[in-house]
Amino acid sequence: MAVDVLLGLQWGDEGKGKIVDFLAERYDLVCRFQGGPNAGHTIKIGDEKFVLHTIPSGIFREDIINVIGNGVVMDPITMVREITTLEKAGIQVRHNLRVSRKAHLIIPTHRYLDAASESAKGVEKIGSTLKGIGPAYMDKTGRNGLRTGDIFLSDFEARYQALKQKHLGLIRMYPEIQFDLAQQEEAFFESVDFIRRLRYINSEYFINEAITNGKTILAEGAQGSMLDIDFGTYPYVTSSNTITAGACIGLGIAPRHIREVIGVAKAYCTRVGSGPFPTELHDETGEKIRAIGKEFGATTGRPRRCGWLDIPQLLYTIMLNGVTQLCITKLDVLDSFEEIQVATQYRTGGEVTADVPYDMHLADINPVYTAMKGWNTSLDSYTEFAAMPDATREYISKLQTLLGTRISMVSTGPERHKLFLL
């Protein structure tokens, strides 16, 4: 069988976790292919809300194997906290979870180095979550990182100490910050003892064998496509490839195995941290969207910047990912607007274009907006999309035309039953 990929098309926080949870029952495996605990996939089941940082979002389905792929960076401390929280809620995490031996580890000095580096940037901060993600990927590409399989080696602690000393040398380059390394190391080694009891696999063989045996697989991305290290708004990006191509590298699968690419986008735009955001609203409308949408980071708690939907940006990420179908989330956040704006082009450098510029963080971009009629009524009670207000359906139809891609799902809330198949 083939692999379907689900990923975010904006700057993250699109609601990917909920969609994975909803679709997971169709698959035998759900596999996370990149990122680390900088992700925050929020899933609401009944009256309970869960935030997943590293564990794939299919973990709530009892008969599904969840794989943390080789492209992920894993913090043992965060991992233990996440597993403990889920198991207290009755989720059989260790039974259904598999971890790639080639996934890299985040150690305490990765977070120390991340915090020191970000602090030193001052107003030039990139908006790091300070989870040690960037330094961990730097060690991976620098060929001296630690992998999860290393925790079973007799010289693991010596390897750890060597990497730690390298980090401490780098940290001395920056102004001093508060970081209790001794306390963090104690928690780290306790957590390593815990995660040694997880099930580890050679994930590239495991996943390809599943494909050969006809299993259905959903590859789950973490951060949004506009944070891709190569194609995002560099340098205000994450440290991994968040687009479809990253699923091949992060899971060890050939491109020919990819079938559907499901792109997830909000009905508006948000961004956490620094970096360009052409349609950002610095007014009461932006504040209203933030308040209604509860736009605060699931990982950091930081308020998200809010703005209208950006069609050029979405066309760019649809192209990069080879998106075959779209899911539009948080449609209900626009319930109380008389008029909804959608950016259809950019005015920049004396011309009008639908292309995302190379230097988006430097370019002077003025969005060209198209106004659409709002539905100005609550979508909360609707049980099928076809019964929704004309203006709601017209909004989705217009987006489908502008984006040239089929919209197959819309979401009007965090609960499972508020996802509608079109």
# chains A, B, ... in the order shown; residues from 1 in each chain; ligands from 1
>>> select_by_dssp(residues="range 184-400 of chain A", states="strand (DSSP E)", output="ChimeraX atom specification")
/A:200-201,217-220,258-266,269-271,305-307,309-310,325-329,339-348,351-353,366-373
>>> residues_around(residues="range 167-170 of chain A", least_positions_apart="3", cutoff="7 Å", atoms="only C-alpha atoms", output="list of chain:residue names")
A:Thr109, A:Leu113, A:Leu163, A:Lys164, A:Met173
>>> closest_atom_pairs(of="range 168-198 of chain A", to="range 59-80 of chain A", cutoff="7 Å", atoms="only C-alpha atoms", output="CSV")
residue,atom,partner,partner_atom,distance
A:Ala187,CA,A:Ile77,CA,6.6
A:Phe188,CA,A:Ile77,CA,5.7
A:Ser191,CA,A:Pro76,CA,5.4
A:Val192,CA,A:Pro76,CA,6.0
A:Ile195,CA,A:Pro76,CA,6.9
>>> write_last_selection(atoms="C-alpha atoms", output="PDB file, in the first residue's frame")
ATOM      1  CA  ALA A 187      16.119  14.635  35.316  1.00  0.00           C
ATOM      2  CA  PHE A 188      17.672  13.672  31.967  1.00  0.00           C
ATOM      3  CA  SER A 191      14.259   9.918  31.985  1.00  0.00           C
ATOM      4  CA  VAL A 192      16.778   7.936  29.925  1.00  0.00           C
ATOM      5  CA  ILE A 195      12.681   5.482  27.954  1.00  0.00           C
TER       6      ILE A 195
END
>>> residues_around(residues="Asp283 in chain A", least_positions_apart="3", cutoff="10 Å", atoms="only C-alpha atoms", output="list in words")
Glu280, Gly286, Glu287, Lys288, Cys306 and Gly307 of chain A
>>> residues_around(residues="Trp375 in chain A", least_positions_apart="3", cutoff="10 Å", atoms="only C-alpha atoms", output="PyMOL selection string")
chain A and resi 334-340+372+378-379+388-395
>>> write_last_selection(atoms="N, CA and C atoms", output="mmCIF file, in the first residue's frame")
data_model
loop_
_atom_site.group_PDB
_atom_site.id
_atom_site.type_symbol
_atom_site.label_atom_id
_atom_site.label_comp_id
_atom_site.auth_asym_id
_atom_site.auth_seq_id
_atom_site.Cartn_x
_atom_site.Cartn_y
_atom_site.Cartn_z
ATOM 1 N N LEU A 334 -14.546 32.632 12.454
ATOM 2 C CA LEU A 334 -15.011 33.745 11.618
ATOM 3 C C LEU A 334 -16.524 33.958 11.709
ATOM 4 N N ASP A 335 -17.173 33.256 12.642
ATOM 5 C CA ASP A 335 -18.642 33.296 12.735
ATOM 6 C C ASP A 335 -19.230 34.696 12.882
ATOM 7 N N SER A 336 -18.545 35.581 13.594
ATOM 8 C CA SER A 336 -19.161 36.862 13.950
ATOM 9 C C SER A 336 -18.703 38.032 13.082
ATOM 10 N N PHE A 337 -18.121 37.736 11.919
ATOM 11 C CA PHE A 337 -17.640 38.800 11.040
ATOM 12 C C PHE A 337 -18.656 39.092 9.936
ATOM 13 N N GLU A 338 -19.000 40.376 9.777
ATOM 14 C CA GLU A 338 -19.892 40.799 8.692
ATOM 15 C C GLU A 338 -19.197 40.639 7.344
ATOM 16 N N GLU A 339 -17.877 40.865 7.343
ATOM 17 C CA GLU A 339 -17.087 40.801 6.119
ATOM 18 C C GLU A 339 -15.760 40.115 6.411
ATOM 19 N N ILE A 340 -15.316 39.287 5.491
ATOM 20 C CA ILE A 340 -14.066 38.543 5.639
ATOM 21 C C ILE A 340 -13.150 38.911 4.483
ATOM 22 N N MET A 372 -15.154 39.283 1.199
ATOM 23 C CA MET A 372 -16.212 38.298 1.055
ATOM 24 C C MET A 372 -17.234 38.495 2.170
ATOM 25 N N SER A 378 -23.520 31.567 14.337
ATOM 26 C CA SER A 378 -22.739 30.464 14.898
ATOM 27 C C SER A 378 -22.903 29.183 14.083
ATOM 28 N N LEU A 379 -21.777 28.502 13.866
ATOM 29 C CA LEU A 379 -21.805 27.211 13.168
ATOM 30 C C LEU A 379 -21.863 26.045 14.147
ATOM 31 N N MET A 388 -25.096 24.329 6.177
ATOM 32 C CA MET A 388 -24.519 25.571 6.699
ATOM 33 C C MET A 388 -24.964 26.776 5.867
ATOM 34 N N PRO A 389 -24.830 27.979 6.417
ATOM 35 C CA PRO A 389 -25.270 29.183 5.696
ATOM 36 C C PRO A 389 -24.643 29.297 4.305
ATOM 37 N N ASP A 390 -25.368 29.932 3.395
ATOM 38 C CA ASP A 390 -24.870 30.105 2.032
ATOM 39 C C ASP A 390 -23.502 30.778 2.021
ATOM 40 N N ALA A 391 -23.324 31.791 2.857
ATOM 41 C CA ALA A 391 -22.068 32.543 2.872
ATOM 42 C C ALA A 391 -20.898 31.666 3.316
ATOM 43 N N THR A 392 -21.157 30.733 4.205
ATOM 44 C CA THR A 392 -20.106 29.809 4.649
ATOM 45 C C THR A 392 -19.665 28.920 3.504
ATOM 46 N N ARG A 393 -20.641 28.338 2.830
ATOM 47 C CA ARG A 393 -20.330 27.445 1.717
ATOM 48 C C ARG A 393 -19.704 28.196 0.547
ATOM 49 N N GLU A 394 -20.134 29.452 0.356
ATOM 50 C CA GLU A 394 -19.544 30.276 -0.706
ATOM 51 C C GLU A 394 -18.087 30.606 -0.391
ATOM 52 N N TYR A 395 -17.780 30.831 0.883
ATOM 53 C CA TYR A 395 -16.402 31.102 1.294
ATOM 54 C C TYR A 395 -15.511 29.912 0.956
#
>>> closest_residue(among="A:Val5, A:Ala386, A:Ala354, A:Ile106", to="Leu326 in chain A", atoms="only C-alpha atoms")
A:Val5
>>> residues_around(residues="range 52-58 of chain A", least_positions_apart="2", cutoff="6 Å", atoms="only C-alpha atoms", output="PyMOL selection string")
chain A and resi 17+20-21+24+30+32+36-37+39-41+60-61+66
>>> closest_residue(among="A:Ile211, A:Leu309, A:Leu315, A:Val323", to="Ala371 in chain A", atoms="only C-alpha atoms")
A:Leu309
>>> select_by_dssp(residues="range 227-396 of chain A", states="alpha helix (DSSP H)", output="short mmCIF file (atom, residue, chain, number, x, y, z; two decimals) with N, CA and C atoms, in the first residue's frame")
data_model
loop_
_atom_site.label_atom_id
_atom_site.label_comp_id
_atom_site.auth_asym_id
_atom_site.auth_seq_id
_atom_site.Cartn_x
_atom_site.Cartn_y
_atom_site.Cartn_z
N THR A 244 6.44 17.78 2.29
CA THR A 244 6.25 16.37 1.95
C THR A 244 7.56 15.63 1.76
N ALA A 245 8.53 16.27 1.11
CA ALA A 245 9.82 15.62 0.88
C ALA A 245 10.46 15.19 2.20
N GLY A 246 10.19 15.91 3.28
CA GLY A 246 10.74 15.55 4.58
C GLY A 246 10.22 14.23 5.10
N ALA A 247 9.04 13.81 4.63
CA ALA A 247 8.49 12.52 5.06
C ALA A 247 9.34 11.37 4.53
N CYS A 248 9.88 11.54 3.33
CA CYS A 248 10.72 10.49 2.74
C CYS A 248 12.01 10.33 3.55
N ILE A 249 12.66 11.45 3.87
CA ILE A 249 13.90 11.42 4.64
C ILE A 249 13.64 11.04 6.09
N GLY A 250 12.57 11.58 6.66
CA GLY A 250 12.29 11.37 8.08
C GLY A 250 11.74 10.02 8.43
N LEU A 251 11.36 9.23 7.42
CA LEU A 251 10.84 7.88 7.67
C LEU A 251 11.60 6.81 6.89
N GLU A 284 -8.00 45.96 16.12
CA GLU A 284 -9.03 45.27 16.89
C GLU A 284 -9.48 43.97 16.23
N THR A 285 -9.42 43.92 14.91
CA THR A 285 -9.82 42.70 14.20
C THR A 285 -8.85 41.57 14.53
N GLY A 286 -7.55 41.88 14.52
CA GLY A 286 -6.56 40.88 14.90
C GLY A 286 -6.75 40.41 16.32
N GLU A 287 -7.05 41.32 17.22
CA GLU A 287 -7.29 40.97 18.62
C GLU A 287 -8.54 40.12 18.76
N LYS A 288 -9.54 40.43 17.96
CA LYS A 288 -10.80 39.67 18.00
C LYS A 288 -10.57 38.23 17.55
N ILE A 289 -9.82 38.05 16.47
CA ILE A 289 -9.51 36.69 15.99
C ILE A 289 -8.74 35.93 17.06
N ARG A 290 -7.76 36.59 17.69
CA ARG A 290 -6.96 35.92 18.72
C ARG A 290 -7.83 35.49 19.90
N ALA A 291 -8.72 36.36 20.32
CA ALA A 291 -9.57 36.05 21.47
C ALA A 291 -10.54 34.91 21.16
N ILE A 292 -11.22 35.00 20.01
CA ILE A 292 -12.20 33.96 19.67
C ILE A 292 -11.51 32.63 19.41
N GLY A 293 -10.39 32.68 18.70
CA GLY A 293 -9.69 31.45 18.34
C GLY A 293 -8.80 30.90 19.43
N ILE A 311 -3.67 33.83 0.20
CA ILE A 311 -3.75 32.90 -0.93
C ILE A 311 -2.38 32.69 -1.60
N PRO A 312 -1.58 33.73 -1.88
CA PRO A 312 -0.25 33.48 -2.46
C PRO A 312 0.60 32.55 -1.61
N GLN A 313 0.54 32.74 -0.30
CA GLN A 313 1.31 31.88 0.60
C GLN A 313 0.83 30.43 0.51
N LEU A 314 -0.49 30.23 0.45
CA LEU A 314 -1.02 28.87 0.37
C LEU A 314 -0.74 28.23 -0.99
N LEU A 315 -0.81 29.01 -2.07
CA LEU A 315 -0.47 28.46 -3.38
C LEU A 315 0.97 27.98 -3.41
N TYR A 316 1.83 28.71 -2.73
CA TYR A 316 3.25 28.35 -2.64
C TYR A 316 3.44 27.02 -1.94
N THR A 317 2.80 26.83 -0.79
CA THR A 317 3.00 25.58 -0.05
C THR A 317 2.23 24.41 -0.66
N ILE A 318 1.12 24.69 -1.32
CA ILE A 318 0.42 23.62 -2.06
C ILE A 318 1.33 23.10 -3.17
N MET A 319 2.01 24.02 -3.85
CA MET A 319 2.94 23.63 -4.91
C MET A 319 4.10 22.80 -4.35
N LEU A 320 4.72 23.28 -3.28
CA LEU A 320 5.89 22.61 -2.71
C LEU A 320 5.56 21.20 -2.22
N ASN A 321 4.37 21.04 -1.68
CA ASN A 321 3.99 19.77 -1.06
C ASN A 321 3.29 18.81 -2.01
N ASP A 390 -25.37 29.93 3.40
CA ASP A 390 -24.87 30.11 2.03
C ASP A 390 -23.50 30.78 2.02
N ALA A 391 -23.32 31.79 2.86
CA ALA A 391 -22.07 32.54 2.87
C ALA A 391 -20.90 31.67 3.32
N THR A 392 -21.16 30.73 4.20
CA THR A 392 -20.11 29.81 4.65
C THR A 392 -19.67 28.92 3.50
N ARG A 393 -20.64 28.34 2.83
CA ARG A 393 -20.33 27.45 1.72
C ARG A 393 -19.70 28.20 0.55
N GLU A 394 -20.13 29.45 0.36
CA GLU A 394 -19.54 30.28 -0.71
C GLU A 394 -18.09 30.61 -0.39
N TYR A 395 -17.78 30.83 0.88
CA TYR A 395 -16.40 31.10 1.29
C TYR A 395 -15.51 29.91 0.96
N ILE A 396 -15.95 28.72 1.30
CA ILE A 396 -15.17 27.51 1.02
C ILE A 396 -15.05 27.28 -0.48
#
>>> closest_residue(among="A:Thr279, A:Gln10, A:Ser100, A:Gln184", to="Tyr112 in chain A", atoms="only C-alpha atoms")
A:Gln184
>>> residues_around(residues="Lys140 in chain A", least_positions_apart="6", cutoff="10 Å", atoms="only C-alpha atoms", output="list in words")
Val73, Ala103, His104, Leu105, Gly134, Leu146 and Arg147 of chain A
>>> closest_residue(among="A:Ser117, A:Thr348, A:Thr412, A:Asn96", to="Arg172 in chain A", atoms="only C-alpha atoms")
A:Ser117
>>> residues_around(residues="range 266-277 of chain A", least_positions_apart="5", cutoff="8 Å", atoms="only C-alpha atoms", output="ChimeraX atom specification")
/A:10-15,125-128,233,236,295,297,302-310,328-331,334,360-361
>>> write_last_selection(atoms="C-alpha atoms", output="short mmCIF file (atom, residue, chain, number, x, y, z; two decimals), in the first residue's frame")
data_model
loop_
_atom_site.label_atom_id
_atom_site.label_comp_id
_atom_site.auth_asym_id
_atom_site.auth_seq_id
_atom_site.Cartn_x
_atom_site.Cartn_y
_atom_site.Cartn_z
CA GLN A 10 0.96 27.87 7.04
CA TRP A 11 3.22 28.81 9.97
CA GLY A 12 2.07 25.96 12.20
CA ASP A 13 -0.84 25.63 14.62
CA GLU A 14 -3.22 24.70 11.78
CA GLY A 15 -4.93 21.94 13.77
CA LYS A 125 15.41 36.81 17.99
CA ILE A 126 13.96 34.22 15.61
CA GLY A 127 11.28 33.14 18.08
CA SER A 128 12.76 29.81 19.15
CA THR A 233 10.67 32.41 5.69
CA TYR A 236 12.72 32.65 10.83
CA GLU A 295 -4.66 31.79 19.74
CA GLY A 297 0.85 28.59 21.62
CA ARG A 302 2.83 32.81 23.67
CA PRO A 303 0.06 34.85 22.01
CA ARG A 304 -0.10 34.15 18.30
CA ARG A 305 -0.05 36.92 15.74
CA CYS A 306 -3.26 36.85 13.69
CA GLY A 307 -4.28 37.93 10.20
CA TRP A 308 -6.45 37.22 7.19
CA LEU A 309 -6.01 34.22 4.92
CA ASP A 310 -3.10 34.55 2.47
CA ILE A 328 -9.77 24.10 6.35
CA THR A 329 -9.88 24.38 10.15
CA LYS A 330 -11.25 26.86 12.69
CA LEU A 331 -13.94 28.07 10.30
CA LEU A 334 -15.01 33.75 11.62
CA MET A 360 9.96 37.86 2.33
CA HIS A 361 11.47 39.03 5.62
#
>>> closest_residue(among="A:Glu48, A:Asp150, A:Gly8, A:Ser119", to="Gly90 in chain A", atoms="only C-alpha atoms")
A:Glu48
